[in-house]
>>> print(open('data.txt').read())   # compact mmCIF, C-alpha atoms
# COMPACT_ATOMS: atom_id res chain seq x y z
CA MET A 14 125.26 40.69 23.18
CA PHE A 15 122.17 42.64 22.00
CA LYS A 16 120.12 39.46 21.84
CA GLU A 17 121.05 38.65 25.43
CA ARG A 18 119.81 42.10 26.65
CA ILE A 19 116.49 41.64 24.89
CA ALA A 20 116.10 38.28 26.58
CA VAL A 21 116.77 39.75 30.06
CA SER A 22 114.29 42.60 29.53
CA ALA A 23 111.64 40.16 28.42
CA ALA A 24 112.20 38.13 31.55
CA LEU A 25 111.76 41.22 33.82
CA LEU A 26 108.44 42.38 32.34
CA PRO A 27 106.26 39.86 34.25
CA LEU A 28 108.00 40.83 37.54
CA ALA A 29 107.31 44.53 36.98
CA ALA A 30 103.69 43.81 36.25
CA LEU A 31 103.43 41.79 39.46
CA LEU A 32 104.93 44.64 41.57
CA THR A 33 102.59 47.17 39.99
CA ALA A 34 99.62 45.05 40.93
CA CYS A 35 100.78 44.98 44.56
CA VAL A 36 100.85 48.83 44.90
CA PRO A 37 97.63 50.23 46.60
CA ALA A 38 95.38 52.20 44.35
CA GLY A 39 95.44 55.25 46.66
CA ASN A 40 99.19 55.71 46.32
CA ALA A 41 99.18 55.43 42.61
CA ALA A 42 97.52 58.83 42.24
CA SER A 43 97.50 61.03 45.43
CA GLY A 44 94.51 63.41 45.87
CA PRO A 45 94.44 67.10 47.10
CA PRO A 46 95.64 67.69 50.72
CA PRO A 47 92.91 68.12 53.40
CA LEU A 48 91.82 71.64 54.34
CA PRO A 49 93.29 73.02 57.59
CA VAL A 50 90.86 73.03 60.49
CA VAL A 51 90.38 76.23 62.51
CA GLY A 52 88.20 77.06 65.49
CA VAL A 53 85.83 80.00 65.05
CA ALA A 54 83.47 81.94 67.29
CA HIS A 55 81.22 84.94 66.91
CA PRO A 56 82.17 88.05 68.92
CA ALA A 57 80.44 88.13 72.29
CA SER A 58 78.43 91.09 73.52
CA ALA A 59 78.85 92.70 76.94
CA LEU A 60 78.07 95.91 78.77
CA VAL A 61 81.49 97.47 79.19
CA GLY A 62 82.53 100.70 80.87
CA GLU A 63 86.00 102.18 80.72
CA ARG A 64 87.86 102.29 84.02
CA LEU A 65 90.87 104.17 85.34
CA GLU A 66 93.65 102.08 86.85
CA TYR A 67 95.92 103.33 89.62
CA THR A 68 98.16 101.90 92.31
CA GLY A 69 97.19 102.76 95.86
CA ARG A 70 98.41 101.86 99.32
CA ILE A 71 96.37 100.72 102.28
CA GLU A 72 96.53 103.13 105.22
CA PRO A 73 95.10 102.82 108.70
CA ALA A 74 92.27 105.08 109.75
CA GLN A 75 94.32 105.80 112.89
CA ARG A 76 98.02 105.42 113.62
CA VAL A 77 99.52 106.39 116.98
CA GLU A 78 103.09 106.43 118.25
CA VAL A 79 102.91 105.32 121.88
CA ARG A 80 105.10 107.55 124.08
CA SER A 81 105.44 108.08 127.79
CA ARG A 82 104.11 111.30 129.34
CA VAL A 83 106.30 110.94 132.42
CA ALA A 84 109.94 110.01 132.92
CA GLY A 85 111.16 106.98 134.83
CA TYR A 86 112.53 103.46 134.63
CA LEU A 87 110.46 100.89 132.77
CA ALA A 88 109.20 98.31 135.26
CA ALA A 89 106.90 96.03 133.21
CA ILE A 90 105.66 95.33 129.66
CA LYS A 91 102.09 94.07 129.46
CA PHE A 92 101.79 92.97 125.80
CA ARG A 93 103.30 90.65 123.20
CA ASP A 94 104.85 92.05 120.05
CA GLY A 95 102.22 92.25 117.32
CA GLN A 96 99.29 91.77 119.70
CA VAL A 97 95.82 93.11 118.92
CA VAL A 98 94.64 95.25 121.84
CA LYS A 99 91.62 97.29 122.82
CA GLN A 100 91.59 100.93 123.81
CA GLY A 101 92.63 101.28 127.46
CA ASP A 102 94.57 98.02 127.71
CA PRO A 103 97.83 98.47 129.73
CA LEU A 104 100.99 98.35 127.63
CA PHE A 105 103.91 99.60 129.77
CA VAL A 106 104.36 100.31 133.48
CA ILE A 107 106.97 102.77 134.72
CA ASP A 108 108.31 102.38 138.27
CA GLN A 109 105.51 103.92 140.32
CA ARG A 110 107.26 104.39 143.66
CA PRO A 111 108.42 107.98 143.00
CA PHE A 112 104.94 108.91 141.82
CA LEU A 113 103.31 107.31 144.87
CA ALA A 114 105.65 109.30 147.13
CA ALA A 115 104.88 112.52 145.26
CA ARG A 116 101.15 111.87 145.60
CA ASP A 117 101.45 111.28 149.35
CA ARG A 118 103.55 114.45 149.73
CA THR A 119 100.97 116.58 147.94
CA ARG A 120 98.21 115.02 150.04
CA ALA A 121 100.07 116.11 153.17
CA GLY A 122 100.55 119.58 151.72
CA LEU A 123 96.82 119.78 151.04
CA ALA A 124 96.05 118.77 154.61
CA GLN A 125 98.37 121.51 155.93
CA ALA A 126 96.77 124.10 153.65
CA LYS A 127 93.30 123.12 154.83
CA ALA A 128 94.40 123.40 158.48
CA ARG A 129 95.73 126.91 157.85
CA GLN A 130 92.52 127.79 156.05
CA THR A 131 90.48 126.60 159.04
CA LEU A 132 92.59 128.71 161.44
CA ALA A 133 92.43 131.79 159.22
CA ALA A 134 88.66 131.46 158.88
CA ALA A 135 88.23 131.20 162.68
CA GLN A 136 90.41 134.27 163.27
CA LEU A 137 88.41 136.22 160.71
CA GLN A 138 85.13 135.31 162.44
CA ARG A 139 86.47 136.48 165.84
CA LEU A 140 87.74 139.79 164.49
CA MET A 141 84.43 140.43 162.74
CA ARG A 142 82.62 140.06 166.11
CA THR A 143 85.12 142.23 168.01
CA HIS A 144 85.06 144.85 165.28
CA GLU A 145 81.33 145.24 165.75
CA THR A 146 81.95 146.08 169.44
CA GLY A 147 84.88 148.34 168.62
CA ALA A 148 87.44 146.04 170.25
CA SER A 149 89.45 145.66 167.01
CA SER A 150 90.44 148.07 164.31
CA ALA A 151 89.51 147.98 160.64
CA GLU A 152 93.15 147.34 159.78
CA GLU A 153 93.18 144.16 161.86
CA LEU A 154 89.95 143.00 160.19
CA ASP A 155 91.38 143.59 156.72
CA ARG A 156 94.53 141.68 157.59
CA ALA A 157 92.48 138.73 158.89
CA ARG A 158 90.30 138.75 155.77
CA ALA A 159 93.44 138.72 153.55
CA GLU A 160 94.94 135.84 155.50
CA ALA A 161 91.71 133.83 155.12
CA GLU A 162 91.66 134.42 151.34
CA GLY A 163 95.36 133.50 151.10
CA ALA A 164 94.71 130.30 153.03
CA GLN A 165 91.87 129.45 150.64
CA ALA A 166 94.18 130.04 147.64
CA ALA A 167 96.81 127.81 149.26
CA VAL A 168 94.22 125.04 149.54
CA MET A 169 93.33 125.41 145.87
CA MET A 170 97.02 125.26 144.89
CA ALA A 171 97.55 122.15 147.01
CA GLN A 172 94.52 120.54 145.39
CA ALA A 173 95.95 121.28 141.92
CA GLU A 174 99.32 119.79 142.91
CA LEU A 175 97.54 116.68 144.16
CA ARG A 176 95.62 116.32 140.89
CA ASN A 177 98.89 116.67 138.99
CA ALA A 178 100.56 114.05 141.18
CA GLU A 179 97.64 111.68 140.66
CA LEU A 180 97.80 112.28 136.89
CA GLU A 181 101.51 111.46 136.83
CA LEU A 182 100.82 108.31 138.81
CA GLU A 183 98.11 107.42 136.29
CA PHE A 184 100.43 108.19 133.36
CA SER A 185 103.03 105.82 134.79
CA THR A 186 100.81 103.05 133.38
CA ILE A 187 100.83 103.59 129.62
CA THR A 188 97.63 102.31 128.02
CA ALA A 189 96.54 101.77 124.42
CA PRO A 190 95.11 105.06 123.09
CA ILE A 191 93.11 103.25 120.37
CA SER A 192 92.09 99.71 119.50
CA GLY A 193 94.32 98.06 116.93
CA LYS A 194 97.43 96.03 116.26
CA LEU A 195 100.70 96.78 118.02
CA SER A 196 104.15 96.79 116.52
CA ASP A 197 107.16 95.49 118.45
CA ARG A 198 108.49 97.08 121.65
CA ARG A 199 111.23 99.71 121.30
CA ALA A 200 112.40 99.51 124.94
CA ASP A 201 112.97 96.75 127.48
CA VAL A 202 112.35 96.52 131.21
CA GLY A 203 114.99 98.52 133.09
CA ASN A 204 115.48 101.19 130.41
CA TYR A 205 115.06 104.81 131.39
CA VAL A 206 112.12 106.40 129.57
CA ALA A 207 112.11 110.14 128.96
CA GLY A 208 108.74 111.80 129.35
CA GLY A 209 107.08 114.04 126.81
CA ALA A 210 107.01 113.92 123.02
CA ALA A 211 110.03 116.18 122.64
CA GLN A 212 112.46 114.07 124.66
CA GLY A 213 111.01 110.59 124.65
CA GLY A 214 111.08 108.27 121.66
CA ALA A 215 108.20 106.06 120.62
CA LEU A 216 107.91 102.91 122.74
CA THR A 217 105.82 101.18 120.06
CA THR A 218 103.23 102.04 117.41
CA ILE A 219 99.61 101.00 117.10
CA VAL A 220 97.43 101.07 114.00
CA SER A 221 93.71 100.52 113.66
CA LEU A 222 92.70 97.59 111.46
CA SER A 223 89.02 98.27 110.90
CA PRO A 224 88.23 100.24 108.89
CA VAL A 225 91.19 100.81 106.59
CA ARG A 226 91.65 103.35 103.81
CA VAL A 227 93.22 103.38 100.38
CA THR A 228 94.53 106.63 98.90
CA VAL A 229 95.32 107.32 95.24
CA ASP A 230 96.53 110.42 93.43
CA ILE A 231 94.52 110.94 90.22
CA THR A 232 95.90 113.03 87.38
CA GLU A 233 94.16 116.26 86.53
CA ALA A 234 93.03 114.94 83.13
CA ASP A 235 91.49 111.79 84.62
CA PHE A 236 89.81 113.79 87.37
CA GLN A 237 88.17 116.00 84.73
CA ARG A 238 86.92 112.86 82.98
CA LEU A 239 85.29 111.78 86.24
CA ARG A 240 83.69 115.20 86.68
CA ARG A 241 82.12 114.99 83.21
CA GLN A 242 80.01 112.05 84.34
CA PRO A 243 76.48 112.74 85.61
CA ARG A 244 77.88 112.24 89.11
CA LEU A 245 81.22 111.40 90.61
CA PRO A 246 81.88 107.71 91.37
CA GLU A 247 80.96 106.62 94.87
CA GLN A 248 83.00 103.41 94.94
CA VAL A 249 86.26 101.96 93.69
CA GLN A 250 87.34 98.37 93.09
CA LEU A 251 90.46 97.04 94.79
CA GLN A 252 92.48 94.06 93.60
CA PHE A 253 95.23 92.56 95.77
CA ASP A 254 97.90 90.02 94.94
CA GLY A 255 96.67 86.58 95.88
CA ALA A 256 93.04 87.68 96.22
CA SER A 257 90.51 85.75 94.14
CA ALA A 258 87.94 88.52 93.79
CA PRO A 259 88.10 92.33 93.88
CA LEU A 260 86.84 94.27 96.88
CA ARG A 261 84.74 97.43 96.88
CA ALA A 262 85.58 100.53 98.89
CA ASP A 263 83.43 103.62 99.43
CA ILE A 264 84.93 106.96 98.43
CA ASP A 265 84.77 109.16 101.54
CA PHE A 266 87.11 112.01 100.67
CA ILE A 267 88.24 114.02 97.62
CA ASP A 268 90.80 116.74 98.28
CA ASN A 269 89.78 120.36 97.76
CA GLU A 270 92.82 121.24 95.67
CA ALA A 271 95.31 119.69 93.28
CA SER A 272 98.93 119.23 94.27
CA SER A 273 101.07 122.09 92.96
CA LYS A 274 104.01 119.69 92.56
CA SER A 275 102.42 116.74 90.75
CA GLY A 276 99.13 118.16 89.45
CA THR A 277 97.19 115.29 91.00
CA VAL A 278 94.06 115.17 93.13
CA ARG A 279 94.01 112.95 96.21
CA VAL A 280 91.07 110.55 96.46
CA ARG A 281 90.47 108.32 99.49
CA ALA A 282 88.17 105.33 99.96
CA SER A 283 87.48 103.19 103.01
CA LEU A 284 86.39 99.59 103.55
CA PRO A 285 85.44 97.71 106.73
CA ASN A 286 88.21 95.03 106.80
CA LEU A 287 86.31 93.14 109.48
CA ASP A 288 88.48 90.04 109.12
CA HIS A 289 91.69 92.12 109.46
CA ALA A 290 93.02 90.51 106.26
CA LEU A 291 94.37 93.82 104.92
CA LEU A 292 97.33 95.34 106.72
CA PRO A 293 98.43 98.97 106.40
CA GLY A 294 101.15 99.25 103.79
CA TYR A 295 99.65 96.74 101.33
CA PHE A 296 99.61 97.82 97.70
CA ALA A 297 96.33 97.66 95.82
CA ARG A 298 95.32 98.03 92.18
CA VAL A 299 92.57 100.64 92.30
CA SER A 300 89.99 100.72 89.53
CA ILE A 301 87.59 103.67 89.14
CA ALA A 302 84.67 103.76 86.70
CA ALA A 303 85.34 106.46 84.08
CA THR A 304 82.34 105.98 81.75
CA GLU A 305 78.87 104.51 81.91
CA PRO A 306 78.65 100.87 80.67
CA GLN A 307 77.87 100.54 76.94
CA PRO A 308 77.23 97.48 74.70
CA ARG A 309 80.52 96.33 73.18
CA LEU A 310 81.78 93.33 71.21
CA THR A 311 84.57 91.24 72.70
CA VAL A 312 86.84 88.51 71.33
CA PRO A 313 89.47 86.37 73.06
CA ASP A 314 92.61 88.40 73.54
CA ALA A 315 94.66 85.52 72.10
CA ALA A 316 92.92 86.04 68.74
CA ILE A 317 94.44 89.52 68.32
CA GLN A 318 97.37 89.75 65.91
CA SER A 319 99.78 92.65 65.64
CA GLU A 320 101.30 94.37 62.64
CA PRO A 321 103.56 97.42 62.72
CA LEU A 322 100.74 99.88 62.04
CA ARG A 323 97.57 98.05 63.02
CA LYS A 324 95.87 95.36 65.06
CA LEU A 325 93.85 92.69 63.29
CA VAL A 326 91.97 89.44 63.64
CA LEU A 327 91.49 86.66 61.10
CA VAL A 328 87.94 85.84 60.06
CA VAL A 329 86.42 83.23 57.76
CA ASP A 330 84.36 84.85 54.98
CA ALA A 331 81.28 83.51 53.21
CA GLU A 332 83.44 81.53 50.76
CA GLY A 333 85.23 79.73 53.57
CA LYS A 334 88.46 81.64 53.07
CA VAL A 335 90.68 83.37 55.62
CA ALA A 336 90.48 87.17 55.56
CA PRO A 337 92.32 89.70 57.74
CA ARG A 338 90.19 92.31 59.48
CA ALA A 339 91.70 95.48 60.98
CA VAL A 340 90.13 96.34 64.33
CA GLN A 341 90.16 99.17 66.86
CA LEU A 342 90.61 97.77 70.34
CA GLY A 343 89.61 98.75 73.84
CA GLY A 344 90.67 97.27 77.15
CA LEU A 345 90.54 93.83 78.69
CA VAL A 346 87.59 92.20 80.43
CA GLY A 347 89.13 89.10 81.94
CA ALA A 348 90.58 87.16 78.97
CA GLN A 349 88.37 89.03 76.48
CA ARG A 350 89.48 92.06 74.48
CA VAL A 351 86.96 94.80 73.72
CA VAL A 352 86.59 95.62 70.01
CA LEU A 353 85.50 99.20 69.41
CA ALA A 354 85.33 99.01 65.59
CA GLY A 355 86.08 96.63 62.72
CA LEU A 356 83.86 93.62 63.56
CA SER A 357 80.18 92.73 63.56
CA ALA A 358 78.37 90.22 65.71
CA GLN A 359 77.95 87.88 62.67
CA ASP A 360 81.68 87.63 61.85
CA GLN A 361 83.35 84.25 62.35
CA VAL A 362 86.59 85.03 64.15
CA ILE A 363 89.37 82.45 64.11
CA VAL A 364 90.21 81.84 67.76
CA SER A 365 92.27 78.64 67.40
CA GLY A 366 94.52 77.33 64.66
CA ALA A 367 95.28 80.79 63.24
CA GLN A 368 99.01 80.03 63.20
CA ARG A 369 98.44 77.27 60.61
CA VAL A 370 96.63 79.38 58.00
CA LYS A 371 97.24 82.47 55.92
CA PRO A 372 94.95 85.03 54.28
CA GLY A 373 93.13 83.78 51.18
CA GLU A 374 93.44 80.12 52.16
CA ARG A 375 90.31 77.97 52.26
CA VAL A 376 89.75 76.33 55.66
CA GLN A 377 87.49 73.88 57.38
CA LEU A 378 85.47 75.19 60.34
CA ALA A 379 85.30 73.64 63.77
CA PRO A 380 83.60 75.13 66.86
CA ALA A 381 86.10 76.76 69.22
CA ALA A 382 86.03 74.83 72.50
CA GLY A 383 87.87 77.59 74.38
CA ALA A 384 85.68 80.49 73.22
CA LYS A 385 83.87 81.97 76.21
CA PRO A 386 81.59 84.99 76.18
CA ALA A 387 82.63 88.08 78.08
CA PRO A 388 80.88 88.70 81.42
CA ALA A 389 77.78 90.86 81.06
CA GLY A 390 76.24 93.40 83.36
CA GLY A 391 78.52 96.40 83.46
CA ALA A 392 81.99 94.89 83.27
CA GLY A 393 84.82 97.39 83.24
CA VAL A 394 87.92 97.72 81.14
CA SER A 395 91.12 99.43 82.04
CA ALA A 396 91.81 102.76 80.39
CA ALA A 397 95.52 102.09 80.80
CA ALA A 398 95.11 98.71 79.11
CA ALA A 399 93.10 100.28 76.33
CA ARG A 400 95.87 102.79 75.67
CA GLY A 401 98.47 100.03 75.75
CA LYS A 402 96.73 97.78 73.18
CA GLY A 403 94.67 100.24 71.20
CA ALA A 404 94.64 100.34 67.42
>>> encode(input="data.txt", output="structure tokens")
Amino acid sequence: MFKERIAVSAALLPLAALLTACVPAGNAASGPPPLPVVGVAHPASALVGERLEYTGRIEPAQRVEVRSRVAGYLAAIKFRDGQVVKQGDPLFVIDQRPFLAARDRTRAGLAQAKARQTLAAAQLQRLMRTHETGASSAEELDRARAEAEGAQAAVMMAQAELRNAELELEFSTITAPISGKLSDRRADVGNYVAGGAAQGGALTTIVSLSPVRVTVDITEADFQRLRRQPRLPEQVQLQFDGASAPLRADIDFIDNEASSKSGTVRVRASLPNLDHALLPGYFARVSIAATEPQPRLTVPDAAIQSEPLRKLVLVVDAEGKVAPRAVQLGGLVGAQRVVLAGLSAQDQVIVSGAQRVKPGERVQLAPAAGAKPAPAGGAGVSAAAARGKGA
């Protein structure tokens, strides 16, 4: 039995040698694994100023509730809901027949008063001549003079009543008090309209569209920061949902006192809105410059890593190894994060592939295709964002 095993083993040796010869040389002894590849970029430099971020609301420069000054039944509506109108355009017409009758009645009353004035003046002239000859007494002259003055007063009263009747006739056509955009109608033809602000409800509203204003309430602490600048800001930046670029608005009003309830100061800015793209009631993100622009380093915000007690980035040192670097952060400038401390312009920051490496590991460098420098020339960062992602 033992001799048979030796014979089988001897027969297998040439086959083993043949299989060994067929194995590639590279698999016989595997080499060290390749170094992980990471993308690196130097921190960019930009002029960055800290900015205050608030939420504001667009308000019209003028807003008017259109009401009727006289009472009557609505006879016609001269606009479409939501129409843009000019000042003086007719909006509503109240049945004018009662006002036409009142005007004609006061005209007749004025004519009667003038006739009485003419008669009283003629009688006064006659009595003045007869009084000179002694044919009439002083008492009769005084009575005639009083009647002439009363007739003149009656004419003046009739004239005032006529002007009032003409005004009511004019008010029966309700016109646009300002240029702007109308809301919908609040009454239909045939409804009775009460006159005066106390009794009558608004028939519609009209708001001006150019210019428009944005109002924000700034906290007392932030307002003091603005006052510590060489001069108060003259403009704010506005960002709207769906808008590709921010707009600028000129600050035209700062309240003279802080609110006793909220401790905030009201600041208002205006912008032309010539294309009527902004409607009253829109929300806007309002950004106000809080500091003068200063040179700062920025890195892609995606390169920032978080630990419980610090923020850090991974850099590649002179030996080609990964090293963590604690940083103090500012706000965002686009997709770039401002670094206040912890980096130099010569550091090689890992901006891609950081999830595949760990500190102390040797890596292979590759230029970061997605690394873009921060915009220069006075870019701003949000103070709220800086507080939210600070070190």
>>> closest_atom_pairs(input="data.txt", of="range 295-364 of chain A", to="range 65-84 of chain A", cutoff="6 Å", atoms="all atoms listed in the file", output="JSON lines")
{"residue": "A:Tyr295", "atom": "CA", "partner": "A:Ile71", "partner_atom": "CA", "distance": 5.2}
{"residue": "A:Phe296", "atom": "CA", "partner": "A:Arg70", "partner_atom": "CA", "distance": 4.5}
{"residue": "A:Ala297", "atom": "CA", "partner": "A:Gly69", "partner_atom": "CA", "distance": 5.2}
{"residue": "A:Arg298", "atom": "CA", "partner": "A:Thr68", "partner_atom": "CA", "distance": 4.8}
{"residue": "A:Val299", "atom": "CA", "partner": "A:Tyr67", "partner_atom": "CA", "distance": 5.1}
{"residue": "A:Ser300", "atom": "CA", "partner": "A:Glu66", "partner_atom": "CA", "distance": 4.7}
{"residue": "A:Ile301", "atom": "CA", "partner": "A:Leu65", "partner_atom": "CA", "distance": 5.0}
>>> write_last_selection(input="data.txt", atoms="C-alpha atoms", output="PDB file, in the coordinates of the input")
ATOM      1  CA  TYR A 295      99.650  96.740 101.330  1.00  0.00           C
ATOM      2  CA  PHE A 296      99.610  97.820  97.700  1.00  0.00           C
ATOM      3  CA  ALA A 297      96.330  97.660  95.820  1.00  0.00           C
ATOM      4  CA  ARG A 298      95.320  98.030  92.180  1.00  0.00           C
ATOM      5  CA  VAL A 299      92.570 100.640  92.300  1.00  0.00           C
ATOM      6  CA  SER A 300      89.990 100.720  89.530  1.00  0.00           C
ATOM      7  CA  ILE A 301      87.590 103.670  89.140  1.00  0.00           C
TER       8      ILE A 301
END
>>> closest_residue(input="data.txt", among="A:Leu123, A:Ala134, A:Ile219, A:Ala234", to="Ser196 in chain A", atoms="all atoms listed in the file")
A:Ile219
>>> residues_around(input="data.txt", residues="Leu356 in chain A", least_positions_apart="3", cutoff="10 Å", atoms="all atoms listed in the file", output="number ranges by chain")
A: 55-56, 310-312, 326, 328, 338-341, 352-353, 359-362
>>> residues_around(input="data.txt", residues="Ala114 in chain A", least_positions_apart="3", cutoff="12 Å", atoms="only C-alpha atoms", output="list in words")
Asp108, Gln109, Arg110, Pro111, Asp117, Arg118, Thr119, Arg120, Ala121, Leu175, Ala178, Glu179, Glu181 and Leu182 of chain A
>>> closest_residue(input="data.txt", among="A:Leu345, A:Ala303, A:Ala161, A:Val376", to="Gln136 in chain A", atoms="only C-alpha atoms")
A:Ala161
>>> residues_around(input="data.txt", residues="Ala89 in chain A", least_positions_apart="5", cutoff="12 Å", atoms="all atoms listed in the file", output="VMD selection string")
chain A and resid 103 to 109 185 to 187 198 200 to 204
